[in-house]
>>> print(open('query_1.cif').read())   # mmCIF, C-alpha atoms (C1' of nucleotides)
data_input
#
loop_
_atom_site.label_atom_id
_atom_site.label_comp_id
_atom_site.auth_asym_id
_atom_site.auth_seq_id
_atom_site.Cartn_x
_atom_site.Cartn_y
_atom_site.Cartn_z
CA MET K 434 9.85 9.32 -27.13
CA GLU K 435 7.22 11.92 -27.71
CA ASN K 436 4.38 9.78 -28.99
CA GLU K 437 1.56 9.60 -26.49
CA ALA K 438 -1.05 6.92 -26.95
CA MET K 439 0.42 4.39 -29.38
CA PRO K 440 3.58 2.68 -28.25
CA LYS K 441 6.61 1.78 -30.26
CA THR K 442 5.64 -0.22 -33.36
CA CYS K 443 2.34 -0.73 -35.14
CA LEU K 444 2.42 2.82 -36.39
CA ARG K 445 1.95 1.68 -39.97
CA THR K 446 -1.52 2.01 -41.45
CA PHE K 447 -1.64 -1.74 -41.77
CA VAL K 448 -3.51 -3.25 -38.88
CA HIS K 449 -6.75 -4.98 -39.68
CA GLU K 450 -8.62 -1.84 -38.86
CA GLU K 451 -12.20 -2.93 -39.34
CA THR K 452 -11.73 -6.08 -37.33
CA VAL K 453 -10.02 -4.22 -34.54
CA ALA K 454 -12.71 -1.53 -34.54
CA ARG K 455 -15.47 -4.12 -34.44
CA VAL K 456 -13.88 -6.08 -31.62
CA ARG K 457 -13.19 -2.87 -29.72
CA GLN K 458 -16.86 -2.01 -29.86
CA LYS K 459 -17.91 -5.37 -28.50
CA MET K 460 -15.35 -5.45 -25.71
CA THR K 461 -16.23 -4.88 -22.11
CA GLU K 462 -14.75 -1.80 -20.52
CA SER K 463 -11.11 -2.18 -19.51
CA GLY K 464 -11.77 -1.34 -15.88
CA ARG K 465 -14.27 -4.15 -15.64
CA LEU K 466 -11.72 -6.54 -17.02
CA LEU K 467 -9.21 -5.32 -14.47
CA GLU K 468 -11.67 -6.21 -11.72
CA LEU K 469 -12.00 -9.61 -13.28
CA ALA K 470 -8.24 -10.09 -13.28
CA GLU K 471 -8.22 -9.14 -9.58
CA LEU K 472 -10.86 -11.78 -8.92
CA PHE K 473 -8.78 -14.44 -10.62
CA LYS K 474 -5.68 -13.19 -8.81
CA ALA K 475 -7.30 -13.98 -5.48
CA LEU K 476 -7.68 -17.55 -6.73
CA SER K 477 -4.22 -17.80 -8.25
CA ASP K 478 -2.31 -19.02 -5.22
CA HIS K 479 -1.93 -22.60 -4.05
CA THR K 480 -2.50 -21.77 -0.40
CA ARG K 481 -5.58 -19.68 -1.07
CA VAL K 482 -7.12 -22.32 -3.31
CA ARG K 483 -6.56 -24.95 -0.64
CA ILE K 484 -8.11 -22.71 2.00
CA LEU K 485 -11.21 -22.05 -0.10
CA HIS K 486 -11.49 -25.69 -1.05
CA ALA K 487 -11.26 -26.73 2.60
CA LEU K 488 -13.84 -24.15 3.63
CA SER K 489 -16.21 -25.49 1.01
CA PHE K 490 -16.61 -28.54 3.27
CA ASP K 491 -16.81 -26.94 6.69
CA GLU K 492 -16.06 -23.83 8.66
CA LEU K 493 -12.60 -23.90 10.22
CA CYS K 494 -10.56 -21.78 12.58
CA VAL K 495 -7.13 -20.44 11.65
CA CYS K 496 -5.33 -23.11 13.59
CA ASP K 497 -7.37 -25.87 11.98
CA LEU K 498 -6.41 -24.52 8.58
CA ALA K 499 -2.79 -24.28 9.61
CA ALA K 500 -2.81 -27.89 10.78
CA LEU K 501 -4.67 -29.04 7.69
CA LEU K 502 -2.30 -27.30 5.28
CA GLU K 503 0.78 -27.90 7.43
CA MET K 504 1.65 -24.24 7.42
CA SER K 505 2.24 -21.65 10.12
CA PRO K 506 -0.86 -19.86 11.44
CA SER K 507 0.82 -16.61 10.45
CA ALA K 508 1.12 -17.59 6.81
CA VAL K 509 -2.49 -18.75 6.80
CA SER K 510 -3.64 -15.55 8.44
CA HIS K 511 -1.88 -13.45 5.81
CA GLN K 512 -3.68 -15.33 3.06
CA LEU K 513 -6.99 -15.08 4.89
CA ARG K 514 -6.55 -11.33 4.92
CA ILE K 515 -6.36 -11.35 1.13
CA LEU K 516 -9.44 -13.55 0.91
CA ARG K 517 -11.30 -11.23 3.28
CA GLY K 518 -10.31 -8.30 1.07
CA ALA K 519 -11.65 -10.17 -1.94
CA LYS K 520 -14.90 -10.76 -0.03
CA MET K 521 -14.51 -14.49 -0.46
CA VAL K 522 -14.65 -15.45 3.21
CA ARG K 523 -16.50 -14.35 6.32
CA TYR K 524 -15.57 -15.05 9.90
CA ARG K 525 -17.14 -15.52 13.29
CA LYS K 526 -15.47 -15.18 16.67
CA ALA K 527 -15.93 -17.88 19.27
CA GLY K 528 -13.80 -17.41 22.33
CA LYS K 529 -10.17 -17.50 21.36
CA ASN K 530 -10.97 -18.97 17.99
CA ILE K 531 -12.00 -17.24 14.82
CA PHE K 532 -13.90 -19.47 12.45
CA TYR K 533 -13.80 -18.78 8.74
CA ARG K 534 -16.33 -19.83 6.15
CA LEU K 535 -16.98 -19.07 2.51
CA ASP K 536 -18.76 -15.80 1.87
CA ASP K 537 -21.05 -17.16 -0.82
CA THR K 538 -21.59 -20.30 -2.80
CA HIS K 539 -20.37 -18.68 -5.99
CA VAL K 540 -16.76 -18.94 -4.84
CA ALA K 541 -17.21 -22.61 -4.00
CA ASN K 542 -18.70 -23.15 -7.43
CA MET K 543 -15.77 -21.52 -9.18
CA VAL K 544 -13.30 -23.70 -7.30
CA LYS K 545 -15.39 -26.79 -7.86
CA ALA K 546 -15.81 -26.10 -11.57
CA GLY K 547 -12.09 -25.43 -11.83
CA ILE K 548 -11.23 -28.73 -10.17
CA GLU K 549 -13.45 -30.58 -12.59
CA HIS K 550 -11.79 -28.82 -15.49
CA VAL K 551 -8.29 -29.62 -14.28
CA GLY K 552 -9.05 -33.16 -13.20
CA MET R 1498 2.91 -34.31 21.11
CA GLU R 1499 5.92 -32.87 19.38
CA ASN R 1500 5.72 -33.18 15.68
CA GLU R 1501 8.60 -32.21 13.40
CA ALA R 1502 6.39 -31.70 10.36
CA MET R 1503 4.08 -29.28 12.13
CA PRO R 1504 5.38 -25.73 12.04
CA LYS R 1505 5.71 -23.27 14.84
CA THR R 1506 2.43 -22.99 16.70
CA CYS R 1507 -0.58 -25.27 16.82
CA LEU R 1508 1.42 -27.82 18.73
CA ARG R 1509 -1.22 -28.06 21.40
CA THR R 1510 -3.52 -31.05 21.19
CA PHE R 1511 -6.38 -28.69 20.76
CA VAL R 1512 -7.20 -28.36 17.10
CA HIS R 1513 -10.64 -29.52 16.13
CA GLU R 1514 -9.23 -32.87 15.20
CA GLU R 1515 -12.29 -34.69 13.94
CA THR R 1516 -13.36 -31.79 11.78
CA VAL R 1517 -9.89 -31.41 10.34
CA ALA R 1518 -9.63 -35.14 9.71
CA ARG R 1519 -13.00 -35.23 8.00
CA VAL R 1520 -12.24 -32.24 5.78
CA ARG R 1521 -8.83 -33.66 4.96
CA GLN R 1522 -10.45 -36.83 3.71
CA LYS R 1523 -12.82 -34.97 1.47
CA MET R 1524 -10.22 -32.65 0.03
CA THR R 1525 -8.85 -33.00 -3.46
CA GLU R 1526 -5.18 -33.83 -3.72
CA SER R 1527 -2.88 -30.87 -3.16
CA GLY R 1528 -1.18 -31.26 -6.53
CA ARG R 1529 -4.50 -31.03 -8.28
CA LEU R 1530 -5.22 -27.81 -6.42
CA LEU R 1531 -1.84 -26.46 -7.44
CA GLU R 1532 -2.75 -27.04 -11.08
CA LEU R 1533 -5.96 -25.18 -10.44
CA ALA R 1534 -4.06 -22.24 -8.96
CA GLU R 1535 -1.87 -22.22 -12.07
CA LEU R 1536 -4.96 -22.09 -14.24
CA PHE R 1537 -6.29 -19.09 -12.34
CA LYS R 1538 -2.85 -17.49 -12.43
CA ALA R 1539 -2.95 -17.46 -16.21
CA LEU R 1540 -6.19 -15.47 -15.90
CA SER R 1541 -4.96 -13.17 -13.16
CA ASP R 1542 -3.41 -10.44 -15.29
CA HIS R 1543 -5.19 -7.47 -16.83
CA THR R 1544 -3.42 -7.78 -20.16
CA ARG R 1545 -4.09 -11.50 -20.47
CA VAL R 1546 -7.75 -11.13 -19.59
CA ARG R 1547 -8.14 -8.42 -22.21
CA ILE R 1548 -6.39 -10.58 -24.80
CA LEU R 1549 -8.63 -13.56 -24.11
CA HIS R 1550 -11.72 -11.39 -24.03
CA ALA R 1551 -10.79 -9.83 -27.38
CA LEU R 1552 -10.11 -13.23 -28.90
CA SER R 1553 -13.52 -14.42 -27.78
CA PHE R 1554 -14.94 -12.17 -30.53
CA ASP R 1555 -12.52 -12.80 -33.36
CA GLU R 1556 -9.12 -14.11 -34.24
CA LEU R 1557 -6.48 -11.36 -34.20
CA CYS R 1558 -2.82 -10.98 -35.07
CA VAL R 1559 -0.26 -9.71 -32.58
CA CYS R 1560 -0.24 -6.25 -34.06
CA ASP R 1561 -4.02 -6.05 -33.95
CA LEU R 1562 -3.93 -6.94 -30.30
CA ALA R 1563 -1.19 -4.41 -29.66
CA ALA R 1564 -3.23 -1.68 -31.36
CA LEU R 1565 -6.39 -2.73 -29.57
CA LEU R 1566 -4.80 -2.77 -26.14
CA GLU R 1567 -2.51 0.19 -26.87
CA MET R 1568 0.54 -1.78 -25.86
CA SER R 1569 3.81 -2.68 -27.55
CA PRO R 1570 3.78 -5.84 -29.69
CA SER R 1571 6.60 -7.11 -27.54
CA ALA R 1572 4.59 -6.86 -24.34
CA VAL R 1573 1.65 -8.56 -26.04
CA SER R 1574 3.87 -11.31 -27.38
CA HIS R 1575 5.28 -12.01 -23.94
CA GLN R 1576 1.78 -12.47 -22.56
CA LEU R 1577 0.75 -14.60 -25.53
CA ARG R 1578 3.61 -16.89 -24.70
CA ILE R 1579 2.15 -17.45 -21.25
CA LEU R 1580 -1.29 -18.08 -22.73
CA ARG R 1581 0.19 -20.56 -25.19
CA GLY R 1582 1.90 -22.31 -22.29
CA ALA R 1583 -1.44 -22.49 -20.49
CA LYS R 1584 -2.97 -23.99 -23.64
CA MET R 1585 -5.50 -21.20 -23.78
CA VAL R 1586 -4.73 -19.96 -27.29
CA ARG R 1587 -3.79 -21.43 -30.65
CA TYR R 1588 -2.22 -19.63 -33.56
CA ARG R 1589 -2.09 -19.78 -37.33
CA LYS R 1590 0.54 -18.25 -39.58
CA ALA R 1591 -0.53 -16.17 -42.58
CA GLY R 1592 2.32 -14.44 -44.32
CA LYS R 1593 4.00 -12.05 -41.97
CA ASN R 1594 1.13 -12.20 -39.55
CA ILE R 1595 0.39 -14.72 -36.84
CA PHE R 1596 -3.26 -14.93 -35.94
CA TYR R 1597 -4.25 -16.02 -32.47
CA ARG R 1598 -7.55 -17.54 -31.41
CA LEU R 1599 -8.91 -19.18 -28.28
CA ASP R 1600 -7.96 -22.80 -27.87
CA ASP R 1601 -11.35 -23.94 -26.64
CA THR R 1602 -14.66 -22.47 -25.68
CA HIS R 1603 -14.14 -23.34 -22.05
CA VAL R 1604 -11.74 -20.44 -21.62
CA ALA R 1605 -14.19 -18.04 -23.22
CA ASN R 1606 -16.87 -19.32 -20.89
CA MET R 1607 -14.75 -18.75 -17.82
CA VAL R 1608 -14.01 -15.17 -18.85
CA LYS R 1609 -17.62 -14.55 -19.79
CA ALA R 1610 -18.92 -16.01 -16.53
CA GLY R 1611 -16.38 -13.94 -14.64
CA ILE R 1612 -17.46 -10.74 -16.37
CA GLU R 1613 -21.06 -11.42 -15.45
CA HIS R 1614 -20.07 -12.03 -11.87
CA VAL R 1615 -18.06 -8.83 -11.65
CA GLY R 1616 -20.52 -6.71 -13.57
"C1'" DT Q 470 -3.15 -9.73 38.22
"C1'" DT Q 471 -0.25 -13.28 35.35
"C1'" DA Q 472 0.07 -16.91 32.09
"C1'" DA Q 473 -1.20 -19.27 28.00
"C1'" DT Q 474 -3.39 -19.55 23.62
"C1'" DA Q 475 -5.32 -17.66 19.11
"C1'" DT Q 476 -4.95 -14.51 15.76
"C1'" DA Q 477 -3.28 -10.47 13.41
"C1'" DT Q 478 0.23 -7.41 11.74
"C1'" DG Q 479 4.58 -5.19 10.06
"C1'" DA Q 480 9.25 -5.62 8.49
"C1'" DA Q 481 12.46 -8.21 5.99
"C1'" DC Q 482 13.68 -11.31 2.59
"C1'" DA Q 483 13.56 -14.02 -1.47
"C1'" DT Q 484 11.15 -15.01 -5.47
"C1'" DA Q 485 8.00 -14.10 -9.22
"C1'" DT Q 486 6.18 -11.11 -12.61
"C1'" DA Q 487 5.18 -7.45 -16.32
"C1'" DT Q 488 7.06 -4.16 -19.18
"C1'" DT Q 489 10.75 -1.99 -21.84
"C1'" DC Q 490 14.58 -2.12 -24.73
"C1'" DA Q 491 17.69 -4.15 -27.92
"C1'" DA Q 492 18.50 -7.72 -30.77
"C1'" DA Q 493 17.32 -11.88 -33.38
"C1'" DT Q 494 14.35 -14.55 -36.43
"C1'" DG Q 495 11.13 -15.12 -40.05
"C1'" DT Q 496 8.49 -13.66 -44.07
"C1'" DG Q 497 7.20 -11.46 -48.24
"C1'" DA Q 498 7.93 -7.55 -51.69
"C1'" DG Q 499 10.65 -5.33 -54.99
"C1'" DC O 881 19.80 -10.36 -53.09
"C1'" DT O 882 18.17 -6.27 -49.92
"C1'" DC O 883 14.72 -4.12 -47.39
"C1'" DA O 884 10.78 -3.44 -44.44
"C1'" DC O 885 7.62 -5.42 -41.45
"C1'" DA O 886 5.79 -8.97 -37.95
"C1'" DT O 887 6.90 -11.50 -34.26
"C1'" DT O 888 9.76 -13.53 -30.84
"C1'" DT O 889 13.24 -13.63 -27.39
"C1'" DG O 890 16.63 -12.41 -23.67
"C1'" DA O 891 18.36 -9.15 -20.44
"C1'" DA O 892 17.41 -5.54 -17.35
"C1'" DT O 893 14.52 -3.22 -14.22
"C1'" DA O 894 10.89 -2.18 -11.30
"C1'" DT O 895 7.16 -3.87 -8.83
"C1'" DA O 896 4.35 -7.40 -6.65
"C1'" DT O 897 3.91 -11.38 -3.82
"C1'" DG O 898 4.37 -15.21 -0.16
"C1'" DT O 899 6.59 -16.76 3.83
"C1'" DT O 900 9.19 -16.18 8.06
"C1'" DC O 901 10.10 -13.95 12.18
"C1'" DA O 902 9.16 -10.98 15.88
"C1'" DT O 903 5.82 -8.60 18.00
"C1'" DA O 904 1.18 -6.87 19.13
"C1'" DT O 905 -3.65 -7.59 20.38
"C1'" DA O 906 -7.37 -10.25 22.30
"C1'" DT O 907 -9.46 -13.70 25.01
"C1'" DT O 908 -9.72 -17.04 28.63
"C1'" DA O 909 -8.25 -19.43 32.75
"C1'" DA O 910 -5.98 -19.69 37.09
#
>>> encode(input="query_1.cif", output="structure tokens")
Amino acid sequence: MENEAMPKTCLRTFVHEETVARVRQKMTESGRLLELAELFKALSDHTRVRILHALSFDELCVCDLAALLEMSPSAVSHQLRILRGAKMVRYRKAGKNIFYRLDDTHVANMVKAGIEHVG
Amino acid sequence: MENEAMPKTCLRTFVHEETVARVRQKMTESGRLLELAELFKALSDHTRVRILHALSFDELCVCDLAALLEMSPSAVSHQLRILRGAKMVRYRKAGKNIFYRLDDTHVANMVKAGIEHVG
DNA sequence: TTAATATATGAACATATATTCAAATGTGAG
DNA sequence: CTCACATTTGAATATATGTTCATATATTAA
């Protein structure tokens, strides 16, 4: 189909134009909202939530997390990579172990607030 | 100690047992954390975040949202279904239109807080 | 050095997800 | 009634995602 911007339907003049225009003006830039979705995405997995929740109590090495969550160290490591990418965790090497901890308290607060909301 | 429940590695006695035990005691139940992940999952998509953000300013019908986000009404409707399932939006019928609004202010607050954090 | 442990990584697989398209339902106007 | 519009829904498709498995890297001990 050769129409560019507007997809498929809603081509009629009838949309509540003023309302839409007003809301559009108030809305935050789409790219910012995409970043926000990415932030939530990092928190949208059971394993990652459990990791962050656990780290809100103490720093733990990969194997500790694996034991705690009863998962393979490999699976935990893959999820830790995502959390590192989201800047939600830091790590520290100590011999053969690598200890992870939360990057800032804001993440802990989000998880904590979420738990209160759910529970 | 060979444990059937424990996967793959981490079979050595050396895990920081006391720390793990202590954290395990403090941790919220896994099922609760799964619910939390589900909550975040509903917020983890660009389209859904934009919908909720838009609805934080005014109630809008499906076609308004489609025009605003420059998406097909069908795509918007599919995402609205997920948001309804997550109890994040309500709706009201008015003639041929169905107007959506946020279900509670808590959702708006989460999005707003998130935007501030990202921005 | 070799061996053992801790962690990371890449490929493969299965599952989940978002959008499109076509079709169905619902609603009001003429 | 018929018609047009608003919305929903299901199937199909493409893409994303999480775990497993095998392997690679790193560190320490013997």
>>> atom_distance(input="query_1.cif", atom1="atom CA of R:Gly1616", atom2="atom C1' of Q:DT488")
28.3 Å
>>> closest_atom_pairs(input="query_1.cif", of="chain K", to="chain Q", cutoff="9 Å", atoms="all atoms listed in the file", output="tab-separated table")
residue	atom	partner	partner_atom	distance
K:Val495	CA	Q:DT476	C1'	7.5
K:Cys496	CA	Q:DA475	C1'	7.8
K:Pro506	CA	Q:DT476	C1'	8.0
K:Ser507	CA	Q:DA477	C1'	8.0
K:Ser510	CA	Q:DA477	C1'	7.1
K:His511	CA	Q:DA477	C1'	8.3
K:Lys529	CA	Q:DA475	C1'	5.3
K:Asn530	CA	Q:DA475	C1'	5.9
K:Ile531	CA	Q:DT476	C1'	7.6
>>> calpha_fit_and_write(input="query_1.cif", fixed="chain R", moving="chain K", output="short mmCIF file (atom, residue, chain, number, x, y, z; two decimals) with C-alpha atoms, in the coordinates of the input")
data_model
loop_
_atom_site.label_atom_id
_atom_site.label_comp_id
_atom_site.auth_asym_id
_atom_site.auth_seq_id
_atom_site.Cartn_x
_atom_site.Cartn_y
_atom_site.Cartn_z
CA MET K 434 13.28 -26.28 14.97
CA GLU K 435 13.25 -30.02 14.85
CA ASN K 436 9.56 -30.68 14.34
CA GLU K 437 8.87 -32.02 10.88
CA ALA K 438 5.31 -31.99 9.64
CA MET K 439 3.40 -29.64 11.93
CA PRO K 440 4.59 -26.06 11.97
CA LYS K 441 4.88 -23.72 14.88
CA THR K 442 1.60 -23.52 16.80
CA CYS K 443 -1.47 -25.74 16.85
CA LEU K 444 0.44 -28.42 18.67
CA ARG K 445 -2.18 -28.58 21.40
CA THR K 446 -4.64 -31.45 21.27
CA PHE K 447 -7.40 -28.94 20.77
CA VAL K 448 -8.27 -28.63 17.13
CA HIS K 449 -11.70 -29.76 16.10
CA GLU K 450 -10.31 -33.11 15.17
CA GLU K 451 -13.37 -34.87 13.84
CA THR K 452 -14.35 -31.96 11.66
CA VAL K 453 -10.86 -31.60 10.30
CA ALA K 454 -10.62 -35.34 9.66
CA ARG K 455 -13.96 -35.38 7.88
CA VAL K 456 -13.12 -32.40 5.70
CA ARG K 457 -9.70 -33.86 4.95
CA GLN K 458 -11.34 -37.00 3.65
CA LYS K 459 -13.64 -35.09 1.35
CA MET K 460 -10.97 -32.78 -0.02
CA THR K 461 -9.53 -33.14 -3.46
CA GLU K 462 -5.87 -34.02 -3.63
CA SER K 463 -3.54 -31.08 -3.02
CA GLY K 464 -1.77 -31.47 -6.34
CA ARG K 465 -5.05 -31.15 -8.17
CA LEU K 466 -5.77 -27.96 -6.31
CA LEU K 467 -2.35 -26.65 -7.24
CA GLU K 468 -3.20 -27.21 -10.90
CA LEU K 469 -6.39 -25.31 -10.32
CA ALA K 470 -4.50 -22.40 -8.79
CA GLU K 471 -2.22 -22.39 -11.86
CA LEU K 472 -5.28 -22.21 -14.09
CA PHE K 473 -6.61 -19.21 -12.20
CA LYS K 474 -3.14 -17.65 -12.22
CA ALA K 475 -3.18 -17.60 -16.00
CA LEU K 476 -6.37 -15.56 -15.75
CA SER K 477 -5.17 -13.29 -12.97
CA ASP K 478 -3.55 -10.58 -15.05
CA HIS K 479 -5.25 -7.57 -16.60
CA THR K 480 -3.42 -7.89 -19.91
CA ARG K 481 -4.11 -11.60 -20.24
CA VAL K 482 -7.79 -11.18 -19.44
CA ARG K 483 -8.08 -8.46 -22.06
CA ILE K 484 -6.31 -10.63 -24.63
CA LEU K 485 -8.61 -13.59 -23.99
CA HIS K 486 -11.66 -11.38 -23.97
CA ALA K 487 -10.64 -9.82 -27.29
CA LEU K 488 -9.95 -13.23 -28.82
CA SER K 489 -13.41 -14.37 -27.79
CA PHE K 490 -14.73 -12.08 -30.54
CA ASP K 491 -12.26 -12.73 -33.33
CA GLU K 492 -8.84 -14.06 -34.14
CA LEU K 493 -6.17 -11.37 -34.04
CA CYS K 494 -2.50 -11.05 -34.83
CA VAL K 495 0.03 -9.82 -32.27
CA CYS K 496 0.12 -6.36 -33.71
CA ASP K 497 -3.66 -6.09 -33.71
CA LEU K 498 -3.66 -7.00 -30.04
CA ALA K 499 -0.92 -4.51 -29.33
CA ALA K 500 -2.87 -1.76 -31.07
CA LEU K 501 -6.10 -2.77 -29.37
CA LEU K 502 -4.58 -2.82 -25.89
CA GLU K 503 -2.23 0.10 -26.57
CA MET K 504 0.76 -1.90 -25.48
CA SER K 505 4.05 -2.84 -27.10
CA PRO K 506 4.02 -5.99 -29.26
CA SER K 507 6.79 -7.32 -27.03
CA ALA K 508 4.70 -7.08 -23.89
CA VAL K 509 1.79 -8.73 -25.66
CA SER K 510 4.00 -11.48 -26.99
CA HIS K 511 5.31 -12.24 -23.50
CA GLN K 512 1.77 -12.63 -22.22
CA LEU K 513 0.80 -14.74 -25.22
CA ARG K 514 3.62 -17.09 -24.33
CA ILE K 515 2.06 -17.63 -20.91
CA LEU K 516 -1.35 -18.21 -22.47
CA ARG K 517 0.17 -20.70 -24.92
CA GLY K 518 1.78 -22.50 -21.98
CA ALA K 519 -1.60 -22.63 -20.27
CA LYS K 520 -3.08 -24.09 -23.47
CA MET K 521 -5.57 -21.26 -23.64
CA VAL K 522 -4.70 -20.01 -27.12
CA ARG K 523 -3.68 -21.50 -30.45
CA TYR K 524 -2.04 -19.72 -33.33
CA ARG K 525 -1.80 -19.85 -37.09
CA LYS K 526 0.89 -18.34 -39.28
CA ALA K 527 -0.08 -16.27 -42.29
CA GLY K 528 2.83 -14.60 -43.97
CA LYS K 529 4.48 -12.23 -41.57
CA ASN K 530 1.54 -12.35 -39.23
CA ILE K 531 0.72 -14.85 -36.55
CA PHE K 532 -2.95 -14.99 -35.71
CA TYR K 533 -4.04 -16.08 -32.26
CA ARG K 534 -7.38 -17.53 -31.28
CA LEU K 535 -8.84 -19.17 -28.21
CA ASP K 536 -7.95 -22.82 -27.78
CA ASP K 537 -11.39 -23.90 -26.66
CA THR K 538 -14.71 -22.40 -25.76
CA HIS K 539 -14.29 -23.29 -22.11
CA VAL K 540 -11.84 -20.44 -21.61
CA ALA K 541 -14.23 -17.99 -23.25
CA ASN K 542 -16.97 -19.25 -20.98
CA MET K 543 -14.91 -18.72 -17.86
CA VAL K 544 -14.11 -15.15 -18.87
CA LYS K 545 -17.69 -14.49 -19.87
CA ALA K 546 -19.09 -15.93 -16.65
CA GLY K 547 -16.56 -13.91 -14.69
CA ILE K 548 -17.57 -10.69 -16.41
CA GLU K 549 -21.19 -11.33 -15.60
CA HIS K 550 -20.29 -11.97 -11.99
CA VAL K 551 -18.24 -8.79 -11.69
CA GLY K 552 -20.62 -6.61 -13.66
#
>>> interface_residues(input="query_1.cif", of="chain K", to="chain O", cutoff="12 Å", atoms="only C-alpha atoms (C1' of nucleotides)", output="PyMOL selection string")
chain K and resi 442-448+474-475+477-481+504-512+515+526-531
>>> resolve_selection(input="query_1.cif", expression="the PyMOL selection byres ((chain R) within 7 of (chain K))", output="VMD selection string")
chain R and resid 1503 to 1507 1512 to 1513 1517 1520 to 1521 1524 1530 to 1535 1537 to 1538 1540 to 1543 1546 to 1547 1551 1554 1560 to 1561 1564 to 1565 1567 to 1570 1611 to 1612 1615
>>> atom_distance(input="query_1.cif", atom1="atom CA of K:Tyr524", atom2="atom CA of R:Glu1515")
20.3 Å
>>> atom_distance(input="query_1.cif", atom1="atom CA of K:Leu535", atom2="atom CA of R:Leu1549")
28.4 Å
>>> residues_around(input="query_1.cif", residues="R:Arg1587", least_positions_apart="5", cutoff="8 Å", atoms="only C-alpha atoms (C1' of nucleotides)", output="list in words")
Arg1581, Tyr1597, Arg1598, Leu1599 and Asp1600 of chain R
>>> write_last_selection(input="query_1.cif", atoms="C-alpha atoms", output="PDB file, keeping the file's coordinate frame")
ATOM      1  CA  ARG R1581       0.190 -20.560 -25.190  1.00  0.00           C
ATOM      2  CA  TYR R1597      -4.250 -16.020 -32.470  1.00  0.00           C
ATOM      3  CA  ARG R1598      -7.550 -17.540 -31.410  1.00  0.00           C
ATOM      4  CA  LEU R1599      -8.910 -19.180 -28.280  1.00  0.00           C
ATOM      5  CA  ASP R1600      -7.960 -22.800 -27.870  1.00  0.00           C
TER       6      ASP R1600
END
>>> build_atoms(input="query_1.cif", residues="stretch 508-519 of chain K", atoms="N, CA and C atoms", output="PDB file, keeping the file's coordinate frame")
ATOM      1  N   ALA K 508       1.241 -17.539   8.274  1.00  0.00           N
ATOM      2  CA  ALA K 508       1.120 -17.590   6.810  1.00  0.00           C
ATOM      3  C   ALA K 508      -0.341 -17.736   6.391  1.00  0.00           C
ATOM      4  N   VAL K 509      -1.068 -18.572   7.110  1.00  0.00           N
ATOM      5  CA  VAL K 509      -2.490 -18.750   6.800  1.00  0.00           C
ATOM      6  C   VAL K 509      -3.249 -17.455   7.021  1.00  0.00           C
ATOM      7  N   SER K 510      -2.948 -16.798   8.125  1.00  0.00           N
ATOM      8  CA  SER K 510      -3.640 -15.550   8.440  1.00  0.00           C
ATOM      9  C   SER K 510      -3.400 -14.488   7.362  1.00  0.00           C
ATOM     10  N   HIS K 511      -2.173 -14.415   6.889  1.00  0.00           N
ATOM     11  CA  HIS K 511      -1.880 -13.450   5.810  1.00  0.00           C
ATOM     12  C   HIS K 511      -2.735 -13.734   4.576  1.00  0.00           C
ATOM     13  N   GLN K 512      -2.883 -14.984   4.240  1.00  0.00           N
ATOM     14  CA  GLN K 512      -3.680 -15.330   3.060  1.00  0.00           C
ATOM     15  C   GLN K 512      -5.170 -15.096   3.308  1.00  0.00           C
ATOM     16  N   LEU K 513      -5.587 -15.338   4.549  1.00  0.00           N
ATOM     17  CA  LEU K 513      -6.990 -15.080   4.890  1.00  0.00           C
ATOM     18  C   LEU K 513      -7.318 -13.598   4.764  1.00  0.00           C
ATOM     19  N   ARG K 514      -6.333 -12.773   5.059  1.00  0.00           N
ATOM     20  CA  ARG K 514      -6.550 -11.330   4.920  1.00  0.00           C
ATOM     21  C   ARG K 514      -6.864 -10.970   3.469  1.00  0.00           C
ATOM     22  N   ILE K 515      -6.130 -11.595   2.557  1.00  0.00           N
ATOM     23  CA  ILE K 515      -6.360 -11.350   1.130  1.00  0.00           C
ATOM     24  C   ILE K 515      -7.753 -11.846   0.726  1.00  0.00           C
ATOM     25  N   LEU K 516      -8.117 -13.004   1.249  1.00  0.00           N
ATOM     26  CA  LEU K 516      -9.440 -13.550   0.910  1.00  0.00           C
ATOM     27  C   LEU K 516     -10.556 -12.709   1.519  1.00  0.00           C
ATOM     28  N   ARG K 517     -10.313 -12.146   2.701  1.00  0.00           N
ATOM     29  CA  ARG K 517     -11.300 -11.230   3.280  1.00  0.00           C
ATOM     30  C   ARG K 517     -11.440 -10.000   2.381  1.00  0.00           C
ATOM     31  N   GLY K 518     -10.293  -9.475   1.945  1.00  0.00           N
ATOM     32  CA  GLY K 518     -10.310  -8.300   1.070  1.00  0.00           C
ATOM     33  C   GLY K 518     -11.046  -8.565  -0.231  1.00  0.00           C
ATOM     34  N   ALA K 519     -10.963  -9.798  -0.701  1.00  0.00           N
ATOM     35  CA  ALA K 519     -11.650 -10.170  -1.940  1.00  0.00           C
ATOM     36  C   ALA K 519     -13.095 -10.577  -1.671  1.00  0.00           C
TER      37      ALA K 519
END
